[in-house]
Structures are given as structure tokens and as C-alpha cells.
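Participant: Sending over a structure as C-alpha cells; questions will come in a sec.
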Amino acid sequence: MESLRALLESGVANAPDKIVVSADGAELTWSGLREQARRVAAALVRDGVRPQDRVIYLGKNDPRYFEVLFGCALAGAVLTPLNWRLAPDELAAIIADARAAIAIVDSSVVTSIKIEMKAVVALEPHQSWISYSQWCGPAEDPGVRPEPGHIAFQLYTSGTTGRPKGAMFANGTNLRVLLDDISVEWGFTSDDVSMVALPLFHMGGLAWALAGLARGASWCVTLNPSEC
């Protein structure tokens with residue numbers, strides 16, 4: 001598979017009612033994930049996000065991360081998850097570098113973003129930002145078709161040896177290898193539940209989640225292994 005859109009469409013076609021992500025008692029099937037991703041995609045397009053524009057996600061592991069990930073894919077946008085543990089000035093520098101159009105933020109860990117954007121969306125209630133549930137649009141697929149050279153997502157390096165740098169993962173190269181090759185080497189099957197405890201702003205967490213999904217495994221997003 002050469003795109004996140006293809007991965008989502010394959011899951012819906014082959015197992016629409018299979019639970020694909022669970023956390024804190026909440027569950028999403030493939031068809032439910034597509035519904036929510038379409039709502040995100042519609043909101044992005046409504047707010048003027050163009051294909052390959054960056055969309056910041058700044059928050060802890062959460063099922064809504066995957067709604068935004070696939071919503072970006074349907075709109076052709078590039079999810080750019082950031083390390084919420086960074087200091088405000090460090091985050092501001094990365095956001096400026098990414099030139100993001102929209103930020104989706106967990107306001108319980110980040111209280112302010114001093115960067116001009118088209119919208120700042122709060123996963124949790126916030127007095128100044130629109131809530132995620134209100135921001136999402138009707139479930140409409142914009143129909144943006146991915147190309148092999150398009151960037152699927154962008155992760156930032158830690159910055160331990162210099163300023164953090166954006167590492168871009170393209171559909172037809174990096175993503176394809178992860179979904180078609182690495183996922184097989186890691187031995188996932190459709191009977192597995194993939195515990196996602198590593199942070200999803202890091203390749204360790206995101207690659208693990210996507211590789212399992214590519215083989216039909218479910219996600220359990222948690223910091224508590226006993227929940228999976």
C-alpha cells in the first residue's frame with residue numbers, strides 16, 4: 001500500500017465492523033474510523049487547508065490522533081505530531097518551521113500557542129479555542145487522491161545535536177516500505193492487538209501502530225498494558 005488513504009479504504013472494504021482502535025473503554029471500527037476521518041477532512045478543507053499543508057497535533061496518545069491522521073490523509077494534508085513535553089519556546093520554533101495551517105491541541109498539557117494559524121482546535125475544553133467536536137465538519141470525503149511523492153506525515157527529531165529537523169515520510173517510499181515490508185518482518189497478524197504505549201509523536205509509536213494495522217491487527221492506545 002502506498003498511502004494512508006489506501007490503508008483506510010482497504011480496512012473498510014475487508015473488515016468494516018472490526019474494532020480497530022480502543023482506549024479507555026471507547027472503541028472505533030474501521031467504518032467508524034472512516035466516518036470520523038471524513039469529518040476531520042471536511043473541517044480541514046472548509047478552513048482552507050490545501051494538499052500537503054502541515055497540520056499540528058500536540059497532545060498525548062488518544063484515539064482522536066488516528067482520526068486526525070487519516071483525516072489529514074483524506075484531505076491530502078500532512079499530519080505533524082509534536083512532542084508535548086517540550087518547552088513553549090521550543091514548540092514555537094518547531095511550529096514556525098513546519099508552517100502549519102492548523103493546530104489540534106490537548107489543552108491539558110499546552111495552555112497557549114503564540115503562533116498565527118487558521119485555527120487552533122482544543123481536544124479538551126478551552127476558553128479561547130474551538131472544541132474538537134464542534135470543529136469537525138459533516139462526514140464528507142474531499143476526494144484528494146494521493147501521489148507517490150506526497151508526504152504522508154512529518155515527524156521532528158529530538159534536537160539533541162542541534163535544532164529539531166522535520167523528517168518527511170513519503171507515500172511511495174518510506175510509508176510503502178513500512179506497510180508492505182516492515183509490517184511483515186515484525187510478524188503481525190489479524191488476530192493480534194497492538195499495544196500503543198510509546199508516544200505517537202515518535203516513530204517508535206507511530207510505526208508500530210501503522211505496521212500492526214497494515215496486517216489487520218487492532219490498536220489498543222494505552223499507558224496501562226493490563227487494558228489491552
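Going by the C-alpha cells order, chains are called A, B, ..., each with residues numbered from 1, while ligands are numbered from 1 in the order shown.
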Skip range 174-183 of chain A itself and residues of its chain fewer than 6 positions away, then list as a list of chain:residue names all residues within 7 Å of it, counting only C-alpha atoms.
Facilitator: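 My list of contacting residues is A:Met1, A:Glu2, A:Ser3, A:Leu210, A:Ala211, A:Gly212, A:Ala214, A:Arg215.
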Participant: Please, could you write that set of residues out with N, CA and C atoms as a PDB file, in the first residue's frame?
Facilitator:
```pdb
ATOM      1  N   MET A   1       0.846  -1.205   0.000  1.00  0.00           N
ATOM      2  CA  MET A   1       0.000   0.000   0.000  1.00  0.00           C
ATOM      3  C   MET A   1       0.871   1.241   0.000  1.00  0.00           C
ATOM      4  N   GLU A   2       0.459   2.220  -0.769  1.00  0.00           N
ATOM      5  CA  GLU A   2       1.294   3.400  -0.941  1.00  0.00           C
ATOM      6  C   GLU A   2       0.692   4.666  -0.351  1.00  0.00           C
ATOM      7  N   SER A   3      -0.318   4.547   0.490  1.00  0.00           N
ATOM      8  CA  SER A   3      -0.870   5.743   1.122  1.00  0.00           C
ATOM      9  C   SER A   3      -1.723   5.356   2.319  1.00  0.00           C
ATOM     10  N   LEU A 210       1.076   1.682  12.836  1.00  0.00           N
ATOM     11  CA  LEU A 210       0.733   1.528  11.422  1.00  0.00           C
ATOM     12  C   LEU A 210       1.121   0.149  10.887  1.00  0.00           C
ATOM     13  N   ALA A 211       2.244  -0.376  11.354  1.00  0.00           N
ATOM     14  CA  ALA A 211       2.659  -1.711  10.891  1.00  0.00           C
ATOM     15  C   ALA A 211       1.654  -2.765  11.324  1.00  0.00           C
ATOM     16  N   GLY A 212       1.178  -2.681  12.566  1.00  0.00           N
ATOM     17  CA  GLY A 212       0.164  -3.625  13.017  1.00  0.00           C
ATOM     18  C   GLY A 212      -1.122  -3.490  12.233  1.00  0.00           C
ATOM     19  N   ALA A 214      -1.521  -2.462   9.216  1.00  0.00           N
ATOM     20  CA  ALA A 214      -1.357  -2.956   7.846  1.00  0.00           C
ATOM     21  C   ALA A 214      -1.564  -4.460   7.745  1.00  0.00           C
ATOM     22  N   ARG A 215      -1.341  -5.186   8.837  1.00  0.00           N
ATOM     23  CA  ARG A 215      -1.530  -6.643   8.861  1.00  0.00           C
ATOM     24  C   ARG A 215      -2.872  -7.026   9.466  1.00  0.00           C
TER      25      ARG A 215
END
```
Participant: Do you know which residues are at most 9 Å from Trp129 in chain A counting only C-alpha atoms, after dropping those on the same chain fewer than 5 positions away, and could you put them as a list of chain:residue names?
Facilitator: A:Ala119, A:Val120, A:Val121, A:Ala122
Participant: For Met203 in chain A, which residue among A:Leu4, A:Met168, A:Leu28, A:Ala217 is the nearest when counting only C-alpha atoms?
Facilitator: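 So, comparing all the options, the nearest one is A:Met168.
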Participant: Between A:His126, A:His150, A:Arg5, A:Arg163, which is the closest to Ala93 in chain A once you count only C-alpha atoms?
Facilitator: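 Between A:His126, A:His150, A:Arg5, A:Arg163, the residue approaching Ala93 in chain A most closely is A:Arg163.
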Participant: List every residue of range 48-169 of chain A that DSSP, applied to the backbone of this structure, places in alpha helix (DSSP H), and write the result as a PyMOL selection string.
Facilitator: chain A and resi 63-75+88-98+132-135
Participant: Go ahead and save the picked residues with C-alpha atoms, as a short mmCIF file (atom, residue, chain, number, x, y, z; two decimals), in the first residue's frame.
Facilitator:
```
data_model
loop_
_atom_site.label_atom_id
_atom_site.label_comp_id
_atom_site.auth_asym_id
_atom_site.auth_seq_id
_atom_site.Cartn_x
_atom_site.Cartn_y
_atom_site.Cartn_z
CA PRO A 63 -7.91 7.70 19.67
CA ARG A 64 -8.56 11.10 18.13
CA TYR A 65 -4.94 11.11 16.98
CA PHE A 66 -5.87 8.42 14.45
CA GLU A 67 -8.99 10.30 13.36
CA VAL A 68 -6.76 13.30 12.60
CA LEU A 69 -4.07 11.15 10.96
CA PHE A 70 -6.50 9.62 8.48
CA GLY A 71 -8.48 12.84 8.15
CA CYS A 72 -5.30 14.55 7.01
CA ALA A 73 -4.74 11.71 4.55
CA LEU A 74 -8.20 12.13 3.02
CA ALA A 75 -7.62 15.89 2.65
CA PRO A 88 6.88 26.63 24.92
CA ASP A 89 9.76 28.34 23.11
CA GLU A 90 10.94 25.00 21.69
CA LEU A 91 7.43 24.22 20.45
CA ALA A 92 7.07 27.69 18.96
CA ALA A 93 10.27 27.24 16.96
CA ILE A 94 9.12 23.89 15.55
CA ILE A 95 5.65 25.16 14.70
CA ALA A 96 7.17 28.12 12.88
CA ASP A 97 9.44 25.76 10.94
CA ALA A 98 6.52 23.50 9.99
CA TYR A 132 -12.65 19.38 18.56
CA SER A 133 -16.26 18.10 18.47
CA GLN A 134 -17.57 21.50 17.33
CA TRP A 135 -14.79 21.97 14.81
#
```
Participant: When you count only C-alpha atoms, which of these residues is closest to Leu155 in chain A: A:Val105, A:Leu82, A:Val110, A:Ala207?
Facilitator: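 For Leu155 in chain A, the nearest of the candidates is A:Leu82.
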Participant: Go through range 141-181 of chain A and flag each residue having an atom no more than 9 Å from range 44-59 of chain A; for those, report the closest pair of atoms plus their distance in Å to one decimal, using only C-alpha atoms, ordered by chain and rising number, as JSON lines.
Facilitator:
```
{"residue": "A:Pro142", "atom": "CA", "partner": "A:Val45", "partner_atom": "CA", "distance": 7.4}
{"residue": "A:Val144", "atom": "CA", "partner": "A:Pro51", "partner_atom": "CA", "distance": 7.7}
{"residue": "A:His150", "atom": "CA", "partner": "A:Gln52", "partner_atom": "CA", "distance": 7.2}
{"residue": "A:Ile151", "atom": "CA", "partner": "A:Gln52", "partner_atom": "CA", "distance": 6.8}
{"residue": "A:Ala152", "atom": "CA", "partner": "A:Gln52", "partner_atom": "CA", "distance": 8.4}
{"residue": "A:Phe153", "atom": "CA", "partner": "A:Arg54", "partner_atom": "CA", "distance": 8.5}
{"residue": "A:Gln154", "atom": "CA", "partner": "A:Arg54", "partner_atom": "CA", "distance": 8.2}
```
